[in-house]
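Source file: model_6.pdb; contents: PDB, C-alpha atoms.
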```pdb
ATOM      1  CA  PRO L   1       0.000   0.000   0.000
ATOM      2  CA  MET L   2       2.961   2.364   0.477
ATOM      3  CA  GLN L   3       4.238   1.784  -3.045
ATOM      4  CA  THR L   4       2.156   4.604  -4.513
ATOM      5  CA  LEU L   5       4.146   7.118  -2.433
ATOM      6  CA  PHE L   6       7.294   6.254  -4.380
ATOM      7  CA  ASN L   7       5.897   6.063  -7.915
ATOM      8  CA  GLY L   8       8.180   7.744 -10.422
ATOM      9  CA  ILE L   9      11.252   7.722  -8.147
ATOM     10  CA  THR L  10      14.202   5.421  -8.696
ATOM     11  CA  PRO L  11      14.798   2.752  -6.018
ATOM     12  CA  GLU L  12      18.039   4.281  -4.727
ATOM     13  CA  TRP L  13      16.263   7.604  -4.083
ATOM     14  CA  ALA L  14      12.911   6.222  -2.929
ATOM     15  CA  THR L  15      13.533   6.615   0.807
ATOM     16  CA  THR L  16      15.561   9.835   0.773
ATOM     17  CA  TYR L  17      14.410  12.097  -2.053
ATOM     18  CA  GLU L  18      11.253  13.479  -0.447
ATOM     19  CA  VAL L  19      13.075  14.081   2.849
ATOM     20  CA  LEU L  20      15.919  15.953   1.177
ATOM     21  CA  ASP L  21      13.569  17.952  -1.035
ATOM     22  CA  MET L  22      11.478  18.987   1.967
ATOM     23  CA  GLY L  23      14.650  20.035   3.781
ATOM     24  CA  ARG L  24      15.641  22.166   0.801
ATOM     25  CA  ARG L  25      12.241  23.859   0.731
ATOM     26  CA  LEU L  26      12.331  24.555   4.463
ATOM     27  CA  ALA L  27      15.864  25.938   4.231
ATOM     28  CA  LEU L  28      14.936  28.358   1.450
ATOM     29  CA  ALA L  29      11.637  29.362   3.067
ATOM     30  CA  CYS L  30      12.885  29.731   6.644
ATOM     31  CA  GLY L  31      16.218  31.298   5.852
ATOM     32  CA  THR L  32      14.827  34.748   6.604
ATOM     33  CA  MET L  33      14.295  33.632  10.200
ATOM     34  CA  LEU L  34      17.935  32.574  10.583
ATOM     35  CA  PHE L  35      19.693  35.567   9.058
ATOM     36  CA  SER L  36      18.882  39.213   9.670
ATOM     37  CA  GLN L  37      21.313  40.557   7.062
ATOM     38  CA  LEU L  38      20.534  40.276   3.370
ATOM     39  CA  ASN L  39      24.068  39.333   2.368
ATOM     40  CA  ALA L  40      24.097  36.349   4.751
ATOM     41  CA  LEU L  41      20.669  35.261   3.528
ATOM     42  CA  VAL L  42      21.739  35.447  -0.122
ATOM     43  CA  LEU L  43      24.923  33.494   0.586
ATOM     44  CA  PHE L  44      23.022  30.768   2.481
ATOM     45  CA  SER L  45      20.311  30.515  -0.181
ATOM     46  CA  LEU L  46      22.917  30.394  -2.946
ATOM     47  CA  ALA L  47      24.719  27.504  -1.250
ATOM     48  CA  VAL L  48      21.475  25.542  -0.739
ATOM     49  CA  ALA L  49      20.308  26.110  -4.321
ATOM     50  CA  MET L  50      23.645  25.113  -5.850
ATOM     51  CA  LEU L  51      23.864  21.920  -3.779
ATOM     52  CA  ALA L  52      20.274  21.003  -4.657
ATOM     53  CA  LEU L  53      20.864  21.610  -8.374
ATOM     54  CA  ALA L  54      24.108  19.623  -8.405
ATOM     55  CA  SER L  55      22.608  16.676  -6.513
ATOM     56  CA  HIS L  56      19.560  16.556  -8.783
ATOM     57  CA  THR L  57      21.579  16.862 -12.001
ATOM     58  CA  GLN L  58      24.013  14.124 -10.987
ATOM     59  CA  GLY L  59      21.569  11.848  -9.161
ATOM     60  CA  HIS L  60      18.558  11.774 -11.557
ATOM     61  CA  PRO L  61      16.092  10.784  -8.814
ATOM     62  CA  PHE L  62      13.146  10.249 -11.191
ATOM     63  CA  ASP L  63      12.776   7.261 -13.459
ATOM     64  CA  ASN L  64      11.803   9.266 -16.564
ATOM     65  CA  LEU L  65      13.472  12.031 -18.543
ATOM     66  CA  VAL L  66      10.522  14.416 -18.469
ATOM     67  CA  MET L  67      10.320  14.735 -14.682
ATOM     68  CA  ASN L  68      14.104  14.983 -14.302
ATOM     69  CA  ASN L  69      14.337  17.846 -16.795
ATOM     70  CA  VAL L  70      11.287  19.709 -15.479
ATOM     71  CA  VAL L  71      12.563  19.592 -11.891
ATOM     72  CA  ALA L  72      16.022  20.610 -13.107
ATOM     73  CA  ALA L  73      14.433  23.650 -14.766
ATOM     74  CA  ALA L  74      12.744  24.499 -11.452
ATOM     75  CA  HIS L  75      16.117  24.295  -9.654
ATOM     76  CA  TRP L  76      17.659  26.581 -12.244
ATOM     77  CA  GLN L  77      14.843  29.087 -11.730
ATOM     78  CA  THR L  78      15.491  29.136  -7.978
ATOM     79  CA  LEU L  79      19.205  29.671  -8.510
ATOM     80  CA  PHE L  80      18.503  32.373 -11.081
ATOM     81  CA  ALA L  81      16.272  34.282  -8.656
ATOM     82  CA  ILE L  82      18.975  34.170  -5.962
ATOM     83  CA  ILE L  83      21.558  35.474  -8.436
ATOM     84  CA  VAL L  84      19.249  38.407  -9.224
ATOM     85  CA  LEU L  85      19.031  39.167  -5.486
ATOM     86  CA  LEU L  86      22.814  39.009  -5.291
ATOM     87  CA  ILE L  87      23.158  41.484  -8.157
ATOM     88  CA  ARG L  88      20.749  43.889  -6.510
ATOM     89  CA  ASP L  89      22.455  43.603  -3.141
ATOM     90  CA  ALA L  90      25.964  44.124  -4.550
ATOM     91  CA  ASP L  91      24.995  47.378  -6.322
ATOM     92  CA  MET L  92      27.221  46.444  -9.232
ATOM     93  CA  PHE L  93      25.084  48.168 -11.866
ATOM     94  CA  ASP L  94      24.349  51.575 -10.404
ATOM     95  CA  GLU L  95      25.191  53.326 -13.648
ATOM     96  CA  VAL L  96      23.153  50.940 -15.811
ATOM     97  CA  SER L  97      19.373  50.954 -15.981
ATOM     98  CA  PHE L  98      17.910  47.948 -14.238
ATOM     99  CA  PHE L  99      15.463  47.638 -17.136
ATOM    100  CA  VAL L 100      18.372  46.714 -19.414
ATOM    101  CA  ILE L 101      19.622  44.247 -16.829
ATOM    102  CA  GLY L 102      16.136  42.738 -16.625
ATOM    103  CA  ILE L 103      16.023  42.239 -20.409
ATOM    104  CA  VAL L 104      19.423  40.520 -20.383
ATOM    105  CA  LEU L 105      18.378  38.268 -17.508
ATOM    106  CA  ALA L 106      15.055  37.422 -19.186
ATOM    107  CA  VAL L 107      16.752  36.463 -22.467
ATOM    108  CA  THR L 108      19.297  34.388 -20.549
ATOM    109  CA  ASN L 109      16.478  32.671 -18.661
ATOM    110  CA  LEU L 110      14.627  31.819 -21.871
ATOM    111  CA  GLY L 111      17.774  30.371 -23.391
ATOM    112  CA  LEU L 112      18.407  28.345 -20.255
ATOM    113  CA  LEU L 113      14.863  26.946 -20.242
ATOM    114  CA  SER L 114      15.044  26.084 -23.938
ATOM    115  CA  MET L 115      18.262  24.105 -23.409
ATOM    116  CA  VAL L 116      16.885  22.265 -20.383
ATOM    117  CA  LEU L 117      13.425  21.489 -21.789
ATOM    118  CA  ARG L 118      14.326  20.840 -25.431
ATOM    119  CA  PRO L 119      15.190  17.129 -24.969
ATOM    120  CA  ILE L 120      11.717  16.379 -23.565
ATOM    121  CA  VAL L 121       9.711  18.054 -26.358
ATOM    122  CA  PRO L 122       9.116  14.727 -28.243
ATOM    123  CA  HIS L 123       7.945  13.084 -25.010
ATOM    124  CA  LEU L 124       5.577  15.980 -24.322
ATOM    125  CA  LYS L 125       4.142  15.726 -27.847
ATOM    126  CA  ILE L 126       3.467  12.012 -27.372
ATOM    127  CA  ALA L 127       1.829  12.631 -23.982
ATOM    128  CA  ILE L 128      -0.376  15.434 -25.347
ATOM    129  CA  ARG L 129      -1.353  13.325 -28.367
ATOM    130  CA  THR L 130      -2.300  10.415 -26.096
ATOM    131  CA  ILE L 131      -4.407  12.636 -23.832
ATOM    132  CA  VAL L 132      -6.207  14.254 -26.784
ATOM    133  CA  SER L 133      -6.889  10.859 -28.361
ATOM    134  CA  GLY L 134      -8.346   9.515 -25.104
ATOM    135  CA  LEU L 135     -10.579  12.559 -24.679
ATOM    136  CA  ARG L 136     -11.792  12.260 -28.262
ATOM    137  CA  ASP L 137     -12.665   8.575 -27.805
ATOM    138  CA  ASP L 138     -14.547   9.352 -24.567
ATOM    139  CA  LEU L 139     -16.485  12.117 -26.314
ATOM    140  CA  ILE L 140     -17.434   9.805 -29.190
ATOM    141  CA  ASP L 141     -18.619   7.141 -26.729
ATOM    142  CA  ASP L 142     -20.746   9.702 -24.860
ATOM    143  CA  ILE L 143     -22.336  10.878 -28.114
ATOM    144  CA  ASP L 144     -23.082   7.287 -29.120
ATOM    145  CA  GLU L 145     -24.736   6.559 -25.761
ATOM    146  CA  LYS L 146     -26.890   9.683 -25.979
ATOM    147  CA  SER L 147     -27.935   8.929 -29.565
ATOM    148  CA  VAL L 148     -28.873   5.354 -28.606
ATOM    149  CA  GLY L 149     -30.988   6.574 -25.685
ATOM    150  CA  GLU L 150     -32.821   9.142 -27.838
ATOM    151  CA  SER L 151     -33.468   6.787 -30.772
ATOM    152  CA  SER L 152     -34.770   3.802 -28.760
ATOM    153  CA  PRO L 153     -38.435   2.909 -29.705
ATOM    154  CA  SER L 154     -41.322   2.764 -27.248
ATOM    155  CA  ASP L 155     -41.486  -1.058 -26.999
ATOM    156  CA  GLY L 156     -37.907  -1.201 -25.807
ATOM    157  CA  SER L 157     -36.881  -4.251 -27.847
ATOM    158  CA  GLY L 158     -35.347  -2.459 -30.795
ATOM    159  CA  GLY L 159     -33.451  -0.050 -28.570
ATOM    160  CA  ARG L 160     -31.825  -2.888 -26.663
ATOM    161  CA  GLY L 161     -30.845  -4.568 -29.920
ATOM    162  CA  GLU L 162     -29.328  -1.372 -31.276
ATOM    163  CA  ARG L 163     -27.484  -0.798 -28.015
ATOM    164  CA  LEU L 164     -26.004  -4.276 -28.198
ATOM    165  CA  VAL L 165     -24.951  -3.666 -31.775
ATOM    166  CA  ARG L 166     -23.133  -0.487 -30.733
ATOM    167  CA  VAL L 167     -21.454  -2.229 -27.819
ATOM    168  CA  ASN L 168     -20.357  -5.067 -30.081
ATOM    169  CA  ARG L 169     -19.044  -2.625 -32.671
ATOM    170  CA  GLY L 170     -17.139  -0.795 -29.952
ATOM    171  CA  ARG L 171     -15.505  -4.041 -28.882
ATOM    172  CA  SER L 172     -14.774  -4.952 -32.480
ATOM    173  CA  ARG L 173     -13.228  -1.523 -32.995
ATOM    174  CA  ASP L 174     -10.886  -2.158 -30.060
ATOM    175  CA  ASN L 175      -9.914  -5.515 -31.537
ATOM    176  CA  ASP L 176      -9.646  -4.092 -35.096
ATOM    177  CA  PHE L 177     -12.287  -6.459 -36.506
ATOM    178  CA  GLU L 178     -16.069  -6.679 -36.794
ATOM    179  CA  ASP L 179     -18.097  -9.892 -36.765
ATOM    180  CA  PRO L 180     -21.338  -9.404 -38.746
ATOM    181  CA  GLU L 181     -22.683 -12.771 -37.547
ATOM    182  CA  MET L 182     -22.402 -11.712 -33.898
ATOM    183  CA  VAL L 183     -24.075  -8.405 -34.725
ATOM    184  CA  MET L 184     -27.038 -10.209 -36.351
ATOM    185  CA  MET L 185     -27.344 -12.598 -33.402
ATOM    186  CA  LYS L 186     -27.520  -9.685 -30.970
ATOM    187  CA  VAL L 187     -30.054  -7.762 -33.049
ATOM    188  CA  ASN L 188     -32.365 -10.650 -33.885
ATOM    189  CA  PRO L 189     -32.183 -13.771 -31.678
ATOM    190  CA  MET L 190     -34.375 -15.585 -34.232
ATOM    191  CA  HIS L 191     -31.421 -15.447 -36.585
ATOM    192  CA  VAL L 192     -29.815 -18.191 -34.530
ATOM    193  CA  GLY L 193     -32.775 -20.463 -34.981
ATOM    194  CA  GLN L 194     -33.017 -19.654 -38.687
ATOM    195  CA  SER L 195     -29.346 -20.368 -39.229
ATOM    196  CA  ASN L 196     -29.622 -23.665 -37.294
ATOM    197  CA  GLY L 197     -32.798 -24.650 -39.087
ATOM    198  CA  GLY L 198     -31.288 -23.853 -42.425
ATOM    199  CA  GLY L 199     -28.241 -25.947 -41.582
ATOM    200  CA  GLY L 200     -30.399 -28.885 -40.501
ATOM    201  CA  GLY L 201     -32.532 -28.680 -43.606
ATOM    202  CA  GLY L 202     -29.485 -28.814 -45.803
TER
END
```

Would you mind writing the file's structure down as structure tokens?
Amino acid sequence: PMQTLFNGITPEWATTYEVLDMGRRLALACGTMLFSQLNALVLFSLAVAMLALASHTQGHPFDNLVMNNVVAAAHWQTLFAIIVLLIRDADMFDEVSFFVIGIVLAVTNLGLLSMVLRPIVPHLKIAIRTIVSGLRDDLIDDIDEKSVGESSPSDGSGGRGERLVRVNRGRSRDNDFEDPEMVMMKVNPMHVGQSNGGGGGG
């Protein structure tokens, strides 16, 4: 029952990854309570972010490329934000407009994200295509069920036969074949007797 808590994580990281990641989050969130000076806070946060990024990049805690690259991009974003704080605190660009610095940092960030996320683009396309295909099939099934319910006659016999035909066609579609004999047997049970009688007469 505890296996679902470790889905997607490699066995060697299964018992430690969540603990270490929670420690990283607490360190970055509670660092303001430990340090009263901004320079000490930036230095502490920079050390935590760099260690977290290095351990994730070298350890690959997830068992698929998509999650590893997405989390790596998140680590890079954290480190990038701390570097921006360091630049502001150091007052290294007093003579340069911070708007220009922001444009340079934004372009650098976009380039960084493109390099990190580019390898997983084919995997994302496959995942999106699978999701869209499943939603389309569910929508078609819902439309078929509604049309069967609206077109069923008052005596109820024909509607049940048509519903069975649609169910059988749905199963045949999944198996990539369609059995007309089975469809006729579901629609008209007398077809079985006629086919048997015809065989006996021959």

The PyMOL selection byres ((chain L and resi 99-105) around 12) applied to the shown file, residues as an NGL selection string
:L and (77 or 80-81 or 83-84 or 87-88 or 92-98 or 106-112)

List the residues selected by the PyMOL selection byres ((chain L and resi 24) around 12) in the file shown, writing them as number ranges by chain.
L: 17-23, 25-31, 44-53, 55-56, 75, 78

How would you write, as a PyMOL selection string, the residues chosen by the PyMOL selection byres ((chain L and resi 9) around 12) on this structure?
chain L and resi 3-8+10-18+59-65+67-68

Can you tell me how far atom CA of Leu79 of chain L sits from atom CA of His123 of chain L, in Å to one decimal?
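Interatomic distance, atom CA of Leu79 of chain L to atom CA of His123 of chain L: 26.0 Å.
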
Pairwise distance for atom CA of Asn69 of chain L and atom CA of Ile120 of chain L, rounded to one decimal in Å:
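Atom-to-atom, atom CA of Asn69 of chain L to atom CA of Ile120 of chain L, that is 7.4 Å.
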
How many Å lie between atom CA of Leu124 of chain L and atom CA of Trp76 of chain L, rounded to one decimal?
20.1 Å

Distance criterion (all atoms listed in the file): nearest to Leu38 of chain L out of L:Leu86, L:Ala74, L:Ile128, L:Val66:
L:Leu86
